[in-house]
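Engineer: Let me give you the structure first, and then I'll get to my questions.
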Amino acid sequence: MGTFMAKPAEIQRVWYVLDAADKPLGRVATEAARLLRGKHKPIFTPHIDTGDHVIIINAGKALLTGNKLQQKKYYRHTGYPGGLKSVDYSKLMVEKPDFAMEKAVKGMLPHNRLGRASAKKLKVYAGPDHPHAAQLPQPWDFN
């Protein structure tokens, strides 16, 4: 008996909805990354994208514990000398909460073509509404 390896044709993808309201941003992001990778499935294969689609709603109501809201910063570089830009998470969570959640989830995925393929199945919305009702997403409870 050999080790089971999932084939791309055998994978069945499901849509899940995660509600981030009043939950820590990191806890929601780790659960979303786990679903996107497919680690919750018995057919998980490390080198094959076996994950499901994930919709995160209410990203604007996600919490940052401790002093992270004031002390944590988002950095980016323009590519020019002296072009390092930083934004406090207090401002980022007000202006673009969906971006903050998306960045947290992508940072927990592999940094290669497998991670990029998994990240394409992530949809994040700041409010409670999403346009994916036709996919019949199932609510995912991770308490």
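Each chain in the structure tokens gets a letter, A, B, ..., in the order shown, and its residues are numbered from 1; ligands are numbered from 1 in order too.
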So that I can see what lies close to stretch 39-43 of chain A, please list as number ranges by chain the residues with an atom at most 12 Å from it, counting only C-alpha atoms and leaving out residues fewer than 2 positions away in the same chain.
Structural biologist: A: 3-8, 10-14, 30-37, 45-52, 109, 140, 142
Engineer: Mind checking which residues fall within 9 Å of A:Ile57, counting only C-alpha atoms, ignoring those fewer than 4 positions away in the same chain, and posting them as a PyMOL selection string?
Structural biologist: chain A and resi 17-21+98+123-130
Engineer: Can you write out the residues you just picked, keeping N, CA and C atoms, as a PDB file, in the first residue's frame?
Structural biologist:
ATOM      1  N   VAL A  17     -18.206  30.378   3.798  1.00  0.00           N
ATOM      2  CA  VAL A  17     -18.299  31.762   4.252  1.00  0.00           C
ATOM      3  C   VAL A  17     -17.800  31.827   5.685  1.00  0.00           C
ATOM      4  N   LEU A  18     -16.844  32.718   5.947  1.00  0.00           N
ATOM      5  CA  LEU A  18     -16.340  32.959   7.292  1.00  0.00           C
ATOM      6  C   LEU A  18     -16.784  34.354   7.710  1.00  0.00           C
ATOM      7  N   ASP A  19     -17.400  34.460   8.868  1.00  0.00           N
ATOM      8  CA  ASP A  19     -17.828  35.758   9.399  1.00  0.00           C
ATOM      9  C   ASP A  19     -16.761  36.242  10.370  1.00  0.00           C
ATOM     10  N   ALA A  20     -16.118  37.361  10.045  1.00  0.00           N
ATOM     11  CA  ALA A  20     -15.018  37.884  10.855  1.00  0.00           C
ATOM     12  C   ALA A  20     -15.471  38.861  11.924  1.00  0.00           C
ATOM     13  N   ALA A  21     -16.761  39.080  12.065  1.00  0.00           N
ATOM     14  CA  ALA A  21     -17.252  40.071  13.027  1.00  0.00           C
ATOM     15  C   ALA A  21     -16.888  39.656  14.450  1.00  0.00           C
ATOM     16  N   ASP A  98     -10.653  45.124   4.037  1.00  0.00           N
ATOM     17  CA  ASP A  98     -10.564  43.923   3.212  1.00  0.00           C
ATOM     18  C   ASP A  98      -9.126  43.659   2.775  1.00  0.00           C
ATOM     19  N   LYS A 123     -12.002  35.500  -1.362  1.00  0.00           N
ATOM     20  CA  LYS A 123     -12.789  36.709  -1.602  1.00  0.00           C
ATOM     21  C   LYS A 123     -13.049  37.360  -0.244  1.00  0.00           C
ATOM     22  N   VAL A 124     -12.704  38.634  -0.099  1.00  0.00           N
ATOM     23  CA  VAL A 124     -12.854  39.329   1.181  1.00  0.00           C
ATOM     24  C   VAL A 124     -13.737  40.551   0.978  1.00  0.00           C
ATOM     25  N   TYR A 125     -14.703  40.739   1.885  1.00  0.00           N
ATOM     26  CA  TYR A 125     -15.615  41.871   1.824  1.00  0.00           C
ATOM     27  C   TYR A 125     -15.698  42.540   3.189  1.00  0.00           C
ATOM     28  N   ALA A 126     -15.688  43.878   3.194  1.00  0.00           N
ATOM     29  CA  ALA A 126     -15.697  44.632   4.446  1.00  0.00           C
ATOM     30  C   ALA A 126     -17.048  44.540   5.146  1.00  0.00           C
ATOM     31  N   GLY A 127     -18.114  44.390   4.386  1.00  0.00           N
ATOM     32  CA  GLY A 127     -19.453  44.349   4.959  1.00  0.00           C
ATOM     33  C   GLY A 127     -20.043  42.948   4.974  1.00  0.00           C
ATOM     34  N   PRO A 128     -21.329  42.848   5.330  1.00  0.00           N
ATOM     35  CA  PRO A 128     -21.955  41.524   5.441  1.00  0.00           C
ATOM     36  C   PRO A 128     -22.448  40.944   4.114  1.00  0.00           C
ATOM     37  N   ASP A 129     -22.407  41.700   3.031  1.00  0.00           N
ATOM     38  CA  ASP A 129     -22.951  41.233   1.746  1.00  0.00           C
ATOM     39  C   ASP A 129     -21.836  40.752   0.823  1.00  0.00           C
ATOM     40  N   HIS A 130     -22.158  39.742   0.006  1.00  0.00           N
ATOM     41  CA  HIS A 130     -21.223  39.249  -1.003  1.00  0.00           C
ATOM     42  C   HIS A 130     -22.023  38.798  -2.222  1.00  0.00           C
TER      43      HIS A 130
END
Engineer: Would you please extract all alpha helix (DSSP H) residues from chain A, as assigned by DSSP on the backbone, and give them as a ChimeraX atom specification?
Structural biologist: /A:25-37,68-71,89-95,97-107,113-119
Engineer: Write out the residues from the selection above, keeping C-alpha atoms, as a PDB file, in the first residue's frame.
Structural biologist:
ATOM      1  CA  LEU A  25      -8.000  39.112  12.516  1.00  0.00           C
ATOM      2  CA  GLY A  26      -5.258  36.493  12.863  1.00  0.00           C
ATOM      3  CA  ARG A  27      -7.626  33.728  13.964  1.00  0.00           C
ATOM      4  CA  VAL A  28      -9.865  34.320  10.947  1.00  0.00           C
ATOM      5  CA  ALA A  29      -6.827  34.487   8.649  1.00  0.00           C
ATOM      6  CA  THR A  30      -5.366  31.182   9.891  1.00  0.00           C
ATOM      7  CA  GLU A  31      -8.673  29.380   9.419  1.00  0.00           C
ATOM      8  CA  ALA A  32      -9.077  30.857   5.930  1.00  0.00           C
ATOM      9  CA  ALA A  33      -5.525  29.810   4.990  1.00  0.00           C
ATOM     10  CA  ARG A  34      -6.231  26.283   6.283  1.00  0.00           C
ATOM     11  CA  LEU A  35      -9.367  26.027   4.128  1.00  0.00           C
ATOM     12  CA  LEU A  36      -7.613  27.485   1.080  1.00  0.00           C
ATOM     13  CA  ARG A  37      -4.776  24.947   1.362  1.00  0.00           C
ATOM     14  CA  LYS A  68      -1.649  46.236  17.583  1.00  0.00           C
ATOM     15  CA  LEU A  69      -4.134  48.798  16.281  1.00  0.00           C
ATOM     16  CA  GLN A  70      -1.775  51.643  17.281  1.00  0.00           C
ATOM     17  CA  GLN A  71       1.645  49.940  17.017  1.00  0.00           C
ATOM     18  CA  TYR A  89      -3.292  49.564  11.071  1.00  0.00           C
ATOM     19  CA  SER A  90      -5.725  51.939  12.805  1.00  0.00           C
ATOM     20  CA  LYS A  91      -5.953  53.876   9.525  1.00  0.00           C
ATOM     21  CA  LEU A  92      -5.772  50.747   7.342  1.00  0.00           C
ATOM     22  CA  MET A  93      -8.651  49.007   9.168  1.00  0.00           C
ATOM     23  CA  VAL A  94     -10.846  52.085   8.621  1.00  0.00           C
ATOM     24  CA  GLU A  95      -9.968  52.715   4.962  1.00  0.00           C
ATOM     25  CA  PRO A  97     -10.196  46.438   6.036  1.00  0.00           C
ATOM     26  CA  ASP A  98     -10.564  43.923   3.212  1.00  0.00           C
ATOM     27  CA  PHE A  99      -6.965  44.566   2.143  1.00  0.00           C
ATOM     28  CA  ALA A 100      -5.672  44.044   5.690  1.00  0.00           C
ATOM     29  CA  MET A 101      -7.461  40.682   5.948  1.00  0.00           C
ATOM     30  CA  GLU A 102      -6.325  39.621   2.474  1.00  0.00           C
ATOM     31  CA  LYS A 103      -2.711  40.475   3.318  1.00  0.00           C
ATOM     32  CA  ALA A 104      -2.893  38.461   6.546  1.00  0.00           C
ATOM     33  CA  VAL A 105      -4.247  35.378   4.743  1.00  0.00           C
ATOM     34  CA  LYS A 106      -1.778  35.597   1.847  1.00  0.00           C
ATOM     35  CA  GLY A 107       1.103  35.821   4.311  1.00  0.00           C
ATOM     36  CA  ARG A 113       2.862  29.307  -7.480  1.00  0.00           C
ATOM     37  CA  LEU A 114       0.802  26.990  -5.247  1.00  0.00           C
ATOM     38  CA  GLY A 115       0.158  29.852  -2.810  1.00  0.00           C
ATOM     39  CA  ARG A 116      -0.752  32.226  -5.616  1.00  0.00           C
ATOM     40  CA  ALA A 117      -3.245  29.692  -6.993  1.00  0.00           C
ATOM     41  CA  SER A 118      -4.743  29.265  -3.511  1.00  0.00           C
ATOM     42  CA  ALA A 119      -4.990  33.033  -2.986  1.00  0.00           C
TER      43      ALA A 119
END
Engineer: Have a look at atom CA of A:Ala62 and atom CA of A:Tyr74 and let me know their distance in Å, one decimal.
Structural biologist: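 Atom CA of A:Tyr74 lies at a distance of 16.5 Å from atom CA of A:Ala62.
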Engineer: Nearest to A:Lys61 among A:Gly79, A:Pro110, A:Pro24, A:Pro139, with distances taken over only C-alpha atoms: which residue is it?
Structural biologist: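 Looking at the shortest contact to A:Lys61, the residue is A:Pro24.
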Engineer: Mind checking which residues fall within 9 Å of A:Leu136, counting only C-alpha atoms, ignoring those fewer than 4 positions away in the same chain, and posting them as a list in words?
Structural biologist: Val14, Trp15, Tyr16 and His132 of chain A
Engineer: Generate the output file for the selected residues, C-alpha atoms, as a PDB file, in the first residue's frame.
Structural biologist:
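This went into again_21.pdb:
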ATOM      1  CA  VAL A  14     -16.730  23.756  -1.894  1.00  0.00           C
ATOM      2  CA  TRP A  15     -17.466  27.415  -1.099  1.00  0.00           C
ATOM      3  CA  TYR A  16     -17.316  28.493   2.562  1.00  0.00           C
ATOM      4  CA  HIS A 132     -21.483  34.752  -4.473  1.00  0.00           C
TER       5      HIS A 132
END
Engineer: In Å to one decimal, how far is atom CA of A:Asn67 from atom CA of A:Gly82?
Structural biologist: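 Computing it gives 27.8 Å between the two atoms.
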Engineer: Would you mind reading off the distance between atom CA of A:Lys85 and atom CA of A:Asn112, one decimal, in Å?
Structural biologist: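 Interatomic distance here is 25.1 Å.
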Engineer: Under the rule that only C-alpha atoms are counted, which of A:Asp22, A:Met108, A:Ala134, A:Lys120 is the nearest residue to A:Ala59?
Structural biologist: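 Looking only at the distances to A:Ala59, the closest residue turns out to be A:Asp22.
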Engineer: What residues in stretch 13-115 of chain A get the DSSP label strand (DSSP E)? Please answer as an MDAnalysis selection string.
Structural biologist: chainID A and resid 15:19 53:57 73:77 84:88
